[in-house]
Amino acid sequence: MKTIKSLHARHHELSDTHHQLEVLNSEIFTRHYLPTFREKLKTSGLLPLKPTGIEVFQMNVGYMCNQTCKHCHVDAGPDRTEVMTKETMKQCLEVIINHTIKSVDITGGAPEMNPDFRWFIEELRKEYSGEIIVRCNLTIILANGKYLDLPDFYKKHNIRVVSSLPFYNADKTDRQRGEGVFAKSIEALKMLNKAGFGKQDTGLILDLVYNPSGAFLPAEQSLLEADFKRELKDHFDIEFNNLLSITNLPISRFLDYLIETDNYEDYMEELVLAYNPKAAEGVMCRNTISVDHAGNLYDCDFNQMLKLQIESKAGTHISEFDLESLNERNIVINQHCFGCTAGAGSGCQGTTT
Amino acid sequence: MQKTYYDPADLKKFGDIAEYGQDLADKFFNWYNDVFKDGALSSREKCLIALAVSHAIQCPYCIDAYTSDSIKRGASEEQMMEAVHVAGAIRGGASLVHGVQMMNKAKKMLM
Ligand code: SF4
Ligand code: SF4
């Protein structure tokens with residue numbers, strides 16, 4: 001597989017989050033060609049943006065990944081070395097167990113590449129009966145012999161597996177995720193199906209994530225789901241539960257792609273014009289908290305990647321987790337947020353309206 | 001006055017035609033929006049028809065708009081190219097079928 005390097009490894013100017021924020025606040029906004037996200041939220045009566053509570057605890061256990069997808073908002077890749085330590089995992093565990101958390105959402109990079117990943121899941125499952133999501137990129141299952149039993153491991157711990165597949169053919173998938181990724185993803189999906197994931201009446205959930213392979217907004221989720229179900233069943237005999245349709249946010253490598261292909265302004269304009277107040281009400285940061293590999297807290301995974309730290313009076317680290325203070329915070333917003341409020345809305349659980 | 005007849009930026013100003021005639025523009029855009037809603041044909045099928053027609057009438061604005069809309073509605077490159085071939089086939093066929101008229105006339109005139 002041809003490997004490309006992360007922006008970080010290339011010392012690309014966009015690996016500097018200040019520079020990303022400058023681009024996001026370029027003259028299309030400062031010259032008032034387009035309203036800012038703040039202005040839009042104000043007209044919807046949602047400023048300051050407030051949380052409704054914390055239901056989803058999202059942990060980014062490291063930026064290391066076996067893939068280097070073109071659109072990756074994490075700028076993940078094999079060259080990233082940031083991984084969450086066992087110490088930080090223990091702190092997360094304590095917070096989860098001592099609060100009413102509906103769902104623990106484990107993401108990366110490829111979360112499975114964290115050396116303490118299995119230890120953490122085992123410890124968590126001992127004391128937590130809620131939903132545990134693992135965002136598995138599929139190809140990791142085949143990347144090394146030691147990962148081949150992941151489907152059984154997920155089954156044993158009743159994990160909800162959420163996996164990216166941008167399209168049901170090799171051409172579009174490989175253009176976004178790398179040569180040969182589609183074929184390996186199909187193989188991994190078959191293994192997950194074999195373990196019972198995505199199959200009727202097993203209770204083992206396998207969801208797929210669709211995101212557009214280019215500078216456009218996703219089609220209607222139900223329409224895409226029907227296409228994916230038909231095509232994957234007919235051609236590969238693969239089944240899954242739900243398709244989550246996610247809009248690409250203009251940050252990190254997707255921002256780089258937009259700029260390189262001269263699509264940035266048109267895409268931003270499209271996001272702004274598609275602003276939907278209903279979607280703004282349901283943005284995921286209102287019920288989610290995101291923790292990075294070092295234990296820092298953020299309103300969401302996107303803010304984490306832009307290093308927009310949470311505004312909690314009690315402190316910004318997992319060791320200072322204070323529910324009351326977090327529930328009182330103002331959510332940190334910027335122009336990238338338009339990606340969450342366009343059309344039917346978008347979050348880690350798909351559309352939000 | 002611009003130096004070329006077509007400017008991609010003008011597509012976004014389509015709605016401005018209301019400036020010189022609000023009532024008719026309102027009627028047109030309402031009807032236009034209804035035409036493209038899901039009905040007996042899905043909105044994706046309608047986009048692909050629009051893409052084919054755009055090529056038949058060779059309107060650069062429409063080609064721009066319906067390429068984007070077809071992609072957004074999940075149409076594949078193969079489907080879009082097949083739609084363009086349909087337009088080409090109809091245009092080519094429309095010329096060729098007039099060959100019969102030519103032949104009729106020629107046969108009448110010639111011994
Ligand atoms: S999109 Fe997912 S699989 Fe692709 S590089 Fe990023 S973290 Fe890895
Ligand atoms: S990018 Fe994050 S902070 Fe902004 S609206 Fe989306 S979820 Fe909320």
# chains A, B, ... in the order shown; residues from 1 in each chain; ligands from 1
call {"tool": "residues_near_ligand", "arguments": {"ligand": "ligand 1", "cutoff": "6 Å", "atoms": "only C-alpha atoms and all ligand atoms", "output": "VMD selection string"}}
result
chain A and resid 65 67 to 69 72 74 76 to 77 108 to 110 137
call {"tool": "write_last_selection", "arguments": {"atoms": "N, CA, C and O atoms", "output": "mmCIF file, in the first residue's frame"}}
result
data_model
loop_
_atom_site.group_PDB
_atom_site.id
_atom_site.type_symbol
_atom_site.label_atom_id
_atom_site.label_comp_id
_atom_site.auth_asym_id
_atom_site.auth_seq_id
_atom_site.Cartn_x
_atom_site.Cartn_y
_atom_site.Cartn_z
ATOM 1 N N CYS A 65 -2.185 5.382 13.343
ATOM 2 C CA CYS A 65 -3.129 4.639 12.508
ATOM 3 C C CYS A 65 -2.358 3.884 11.440
ATOM 4 O O CYS A 65 -1.280 4.321 11.029
ATOM 5 N N GLN A 67 -3.545 3.539 8.506
ATOM 6 C CA GLN A 67 -3.899 4.202 7.245
ATOM 7 C C GLN A 67 -3.527 5.687 7.313
ATOM 8 O O GLN A 67 -3.278 6.219 8.394
ATOM 9 N N THR A 68 -3.555 6.328 6.150
ATOM 10 C CA THR A 68 -3.353 7.782 6.095
ATOM 11 C C THR A 68 -4.388 8.342 5.118
ATOM 12 O O THR A 68 -4.051 8.821 4.042
ATOM 13 N N CYS A 69 -5.653 8.287 5.501
ATOM 14 C CA CYS A 69 -6.711 8.707 4.580
ATOM 15 C C CYS A 69 -6.574 10.191 4.241
ATOM 16 O O CYS A 69 -6.207 10.994 5.092
ATOM 17 N N CYS A 72 -8.587 12.747 6.508
ATOM 18 C CA CYS A 72 -8.603 12.519 7.958
ATOM 19 C C CYS A 72 -8.537 13.817 8.774
ATOM 20 O O CYS A 72 -7.588 14.589 8.645
ATOM 21 N N VAL A 74 -8.095 13.948 11.876
ATOM 22 C CA VAL A 74 -7.181 13.733 13.004
ATOM 23 C C VAL A 74 -5.726 13.937 12.547
ATOM 24 O O VAL A 74 -4.840 14.136 13.355
ATOM 25 N N ALA A 76 -4.141 11.550 11.303
ATOM 26 C CA ALA A 76 -3.570 10.310 11.839
ATOM 27 C C ALA A 76 -2.702 9.620 10.802
ATOM 28 O O ALA A 76 -2.774 9.930 9.613
ATOM 29 N N GLY A 77 -1.893 8.673 11.254
ATOM 30 C CA GLY A 77 -1.066 7.906 10.342
ATOM 31 C C GLY A 77 -0.043 7.082 11.104
ATOM 32 O O GLY A 77 0.091 7.240 12.321
ATOM 33 N N GLY A 108 -9.667 7.097 17.457
ATOM 34 C CA GLY A 108 -8.236 7.313 17.281
ATOM 35 C C GLY A 108 -8.029 8.265 16.116
ATOM 36 O O GLY A 108 -8.891 9.107 15.867
ATOM 37 N N GLY A 109 -7.033 8.038 15.363
ATOM 38 C CA GLY A 109 -6.252 6.910 14.908
ATOM 39 C C GLY A 109 -7.023 5.583 14.860
ATOM 40 O O GLY A 109 -8.231 5.543 14.804
ATOM 41 N N ALA A 110 -6.203 4.543 14.849
ATOM 42 C CA ALA A 110 -6.757 3.204 14.997
ATOM 43 C C ALA A 110 -6.636 2.880 16.490
ATOM 44 O O ALA A 110 -5.532 2.616 16.963
ATOM 45 N N ASN A 137 -11.336 0.944 11.950
ATOM 46 C CA ASN A 137 -11.191 1.291 10.521
ATOM 47 C C ASN A 137 -11.216 0.073 9.597
ATOM 48 O O ASN A 137 -10.930 0.184 8.405
#
call {"tool": "select_by_dssp", "arguments": {"residues": "stretch 3-110 of chain B", "states": "alpha helix (DSSP H)", "output": "PyMOL selection string"}}
result
chain B and resi 22-35+43-57+60-72+77-97+99-109
call {"tool": "interface_residues", "arguments": {"of": "chain A", "to": "chain B", "cutoff": "12 Å", "atoms": "only C-alpha atoms", "output": "VMD selection string"}}
result
chain A and resid 166 to 169 171 to 172 210 to 228 245 247 266 to 267 269 to 270 273 343
call {"tool": "residues_near_ligand", "arguments": {"ligand": "ligand 2", "cutoff": "8 Å", "atoms": "only C-alpha atoms and all ligand atoms", "output": "list in words"}}
result
Leu249, Ala280, Val283, Met284, Cys285, Arg286, Asp299, Cys300, Asp301, Phe302, Asn303, Ile331, Val332, Ile333, Asn334, Gln335, His336, Cys337, Phe338, Gly339, Cys340, Thr341, Ser346 and Gly347 of chain A
call {"tool": "write_last_selection", "arguments": {"atoms": "N, CA, C and O atoms", "output": "mmCIF file, in the first residue's frame"}}
result
data_model
loop_
_atom_site.group_PDB
_atom_site.id
_atom_site.type_symbol
_atom_site.label_atom_id
_atom_site.label_comp_id
_atom_site.auth_asym_id
_atom_site.auth_seq_id
_atom_site.Cartn_x
_atom_site.Cartn_y
_atom_site.Cartn_z
ATOM 1 N N LEU A 249 -15.626 17.911 7.888
ATOM 2 C CA LEU A 249 -15.396 19.252 8.418
ATOM 3 C C LEU A 249 -14.120 19.845 7.826
ATOM 4 O O LEU A 249 -13.141 19.125 7.624
ATOM 5 N N ALA A 280 -28.468 22.864 14.364
ATOM 6 C CA ALA A 280 -27.667 23.603 15.354
ATOM 7 C C ALA A 280 -28.121 23.247 16.774
ATOM 8 O O ALA A 280 -27.299 23.112 17.680
ATOM 9 N N VAL A 283 -26.406 19.803 17.798
ATOM 10 C CA VAL A 283 -24.974 19.494 17.592
ATOM 11 C C VAL A 283 -24.455 18.606 18.731
ATOM 12 O O VAL A 283 -24.850 18.747 19.883
ATOM 13 N N MET A 284 -23.554 17.706 18.365
ATOM 14 C CA MET A 284 -23.170 16.653 19.319
ATOM 15 C C MET A 284 -22.407 17.162 20.542
ATOM 16 O O MET A 284 -22.449 16.554 21.604
ATOM 17 N N CYS A 285 -21.722 18.315 20.407
ATOM 18 C CA CYS A 285 -20.959 18.833 21.549
ATOM 19 C C CYS A 285 -21.857 19.148 22.740
ATOM 20 O O CYS A 285 -21.380 19.301 23.860
ATOM 21 N N ARG A 286 -23.170 19.239 22.499
ATOM 22 C CA ARG A 286 -24.075 19.574 23.609
ATOM 23 C C ARG A 286 -24.242 18.412 24.584
ATOM 24 O O ARG A 286 -24.640 18.625 25.719
ATOM 25 N N ASP A 299 -14.675 20.079 23.704
ATOM 26 C CA ASP A 299 -16.113 19.966 23.450
ATOM 27 C C ASP A 299 -16.425 18.860 22.447
ATOM 28 O O ASP A 299 -17.519 18.324 22.439
ATOM 29 N N CYS A 300 -15.476 18.581 21.570
ATOM 30 C CA CYS A 300 -15.681 17.516 20.578
ATOM 31 C C CYS A 300 -14.334 17.147 19.988
ATOM 32 O O CYS A 300 -13.333 17.833 20.214
ATOM 33 N N ASP A 301 -14.311 16.069 19.202
ATOM 34 C CA ASP A 301 -13.082 15.588 18.578
ATOM 35 C C ASP A 301 -12.507 16.629 17.600
ATOM 36 O O ASP A 301 -11.295 16.724 17.436
ATOM 37 N N PHE A 302 -13.383 17.421 16.969
ATOM 38 C CA PHE A 302 -12.897 18.425 16.010
ATOM 39 C C PHE A 302 -12.183 19.553 16.751
ATOM 40 O O PHE A 302 -11.112 20.001 16.340
ATOM 41 N N ASN A 303 -12.778 20.014 17.853
ATOM 42 C CA ASN A 303 -12.113 21.042 18.661
ATOM 43 C C ASN A 303 -10.786 20.519 19.200
ATOM 44 O O ASN A 303 -9.820 21.257 19.318
ATOM 45 N N ILE A 331 -19.699 26.394 25.061
ATOM 46 C CA ILE A 331 -18.980 25.570 24.080
ATOM 47 C C ILE A 331 -18.182 26.479 23.149
ATOM 48 O O ILE A 331 -18.679 27.517 22.703
ATOM 49 N N VAL A 332 -16.939 26.068 22.886
ATOM 50 C CA VAL A 332 -16.045 26.878 22.041
ATOM 51 C C VAL A 332 -16.396 26.611 20.568
ATOM 52 O O VAL A 332 -16.397 25.462 20.131
ATOM 53 N N ILE A 333 -16.700 27.666 19.856
ATOM 54 C CA ILE A 333 -17.119 27.490 18.452
ATOM 55 C C ILE A 333 -16.202 28.266 17.506
ATOM 56 O O ILE A 333 -15.511 29.189 17.926
ATOM 57 N N ASN A 334 -16.230 27.857 16.256
ATOM 58 C CA ASN A 334 -15.504 28.581 15.214
ATOM 59 C C ASN A 334 -16.153 28.224 13.876
ATOM 60 O O ASN A 334 -17.151 27.503 13.855
ATOM 61 N N GLN A 335 -15.568 28.668 12.781
ATOM 62 C CA GLN A 335 -16.255 28.474 11.478
ATOM 63 C C GLN A 335 -16.347 27.004 11.057
ATOM 64 O O GLN A 335 -17.220 26.644 10.273
ATOM 65 N N HIS A 336 -15.456 26.145 11.576
ATOM 66 C CA HIS A 336 -15.537 24.725 11.198
ATOM 67 C C HIS A 336 -16.864 24.112 11.647
ATOM 68 O O HIS A 336 -17.330 23.132 11.093
ATOM 69 N N CYS A 337 -17.493 24.733 12.656
ATOM 70 C CA CYS A 337 -18.754 24.216 13.196
ATOM 71 C C CYS A 337 -19.865 24.181 12.141
ATOM 72 O O CYS A 337 -20.837 23.434 12.289
ATOM 73 N N PHE A 338 -19.740 24.989 11.090
ATOM 74 C CA PHE A 338 -20.749 24.952 10.022
ATOM 75 C C PHE A 338 -20.884 23.544 9.434
ATOM 76 O O PHE A 338 -21.913 23.208 8.862
ATOM 77 N N GLY A 339 -19.831 22.736 9.576
ATOM 78 C CA GLY A 339 -19.902 21.351 9.087
ATOM 79 C C GLY A 339 -20.911 20.518 9.861
ATOM 80 O O GLY A 339 -21.436 19.532 9.352
ATOM 81 N N CYS A 340 -21.172 20.894 11.096
ATOM 82 C CA CYS A 340 -22.116 20.134 11.932
ATOM 83 C C CYS A 340 -23.564 20.565 11.724
ATOM 84 O O CYS A 340 -24.483 19.856 12.128
ATOM 85 N N THR A 341 -23.749 21.745 11.137
ATOM 86 C CA THR A 341 -25.112 22.297 11.070
ATOM 87 C C THR A 341 -25.656 22.371 9.649
ATOM 88 O O THR A 341 -26.716 22.929 9.422
ATOM 89 N N SER A 346 -24.736 16.956 11.209
ATOM 90 C CA SER A 346 -23.769 15.866 11.206
ATOM 91 C C SER A 346 -23.047 15.784 12.539
ATOM 92 O O SER A 346 -22.679 16.792 13.128
ATOM 93 N N GLY A 347 -22.873 14.560 13.003
ATOM 94 C CA GLY A 347 -22.108 14.311 14.220
ATOM 95 C C GLY A 347 -21.559 12.904 14.143
ATOM 96 O O GLY A 347 -21.740 12.224 13.126
#
call {"tool": "residues_around", "arguments": {"residues": "stretch 49-63 of chain A", "least_positions_apart": "4", "cutoff": "6 Å", "atoms": "only C-alpha atoms", "output": "MDAnalysis selection string"}}
result
chainID A and resid 76 80 82:84 101:109 111 286:293 327 330:331
call {"tool": "closest_atom_pairs", "arguments": {"of": "stretch 32-65 of chain B", "to": "stretch 6-15 of chain B", "cutoff": "12 Å", "atoms": "only C-alpha atoms", "output": "CSV"}}
result
residue,atom,partner,partner_atom,distance
B:Tyr32,CA,B:Gly15,CA,11.9
B:Cys59,CA,B:Tyr6,CA,9.9
B:Pro60,CA,B:Tyr6,CA,7.9
B:Tyr61,CA,B:Leu11,CA,6.0
B:Cys62,CA,B:Leu11,CA,8.6
B:Ile63,CA,B:Leu11,CA,10.7
B:Asp64,CA,B:Pro8,CA,8.3
B:Ala65,CA,B:Leu11,CA,8.1
call {"tool": "write_last_selection", "arguments": {"atoms": "N, CA, C and O atoms", "output": "short mmCIF file (atom, residue, chain, number, x, y, z; two decimals), in the first residue's frame"}}
result
data_model
loop_
_atom_site.label_atom_id
_atom_site.label_comp_id
_atom_site.auth_asym_id
_atom_site.auth_seq_id
_atom_site.Cartn_x
_atom_site.Cartn_y
_atom_site.Cartn_z
N TYR B 32 -40.07 25.17 -10.15
CA TYR B 32 -38.77 24.52 -10.36
C TYR B 32 -38.45 23.62 -9.16
O TYR B 32 -38.08 22.46 -9.31
N CYS B 59 -25.97 23.87 -21.85
CA CYS B 59 -25.97 25.02 -20.94
C CYS B 59 -24.90 24.81 -19.88
O CYS B 59 -25.01 23.91 -19.06
N PRO B 60 -23.83 25.64 -19.88
CA PRO B 60 -22.75 25.44 -18.91
C PRO B 60 -23.20 25.61 -17.46
O PRO B 60 -22.68 24.93 -16.57
N TYR B 61 -24.15 26.49 -17.24
CA TYR B 61 -24.64 26.65 -15.86
C TYR B 61 -25.31 25.36 -15.38
O TYR B 61 -25.11 24.89 -14.27
N CYS B 62 -26.15 24.81 -16.26
CA CYS B 62 -26.89 23.60 -15.88
C CYS B 62 -25.93 22.41 -15.72
O CYS B 62 -26.12 21.59 -14.83
N ILE B 63 -24.91 22.33 -16.57
CA ILE B 63 -23.95 21.22 -16.45
C ILE B 63 -23.25 21.32 -15.10
O ILE B 63 -23.12 20.33 -14.37
N ASP B 64 -22.85 22.53 -14.73
CA ASP B 64 -22.21 22.77 -13.44
C ASP B 64 -23.16 22.34 -12.30
O ASP B 64 -22.83 21.51 -11.45
N ALA B 65 -24.37 22.86 -12.35
CA ALA B 65 -25.32 22.63 -11.26
C ALA B 65 -25.70 21.15 -11.13
O ALA B 65 -25.74 20.61 -10.03
#
call {"tool": "select_by_dssp", "arguments": {"residues": "stretch 125-230 of chain A", "states": "strand (DSSP E)", "output": "MDAnalysis selection string"}}
result
chainID A and resid 131:135 159:164 206:210
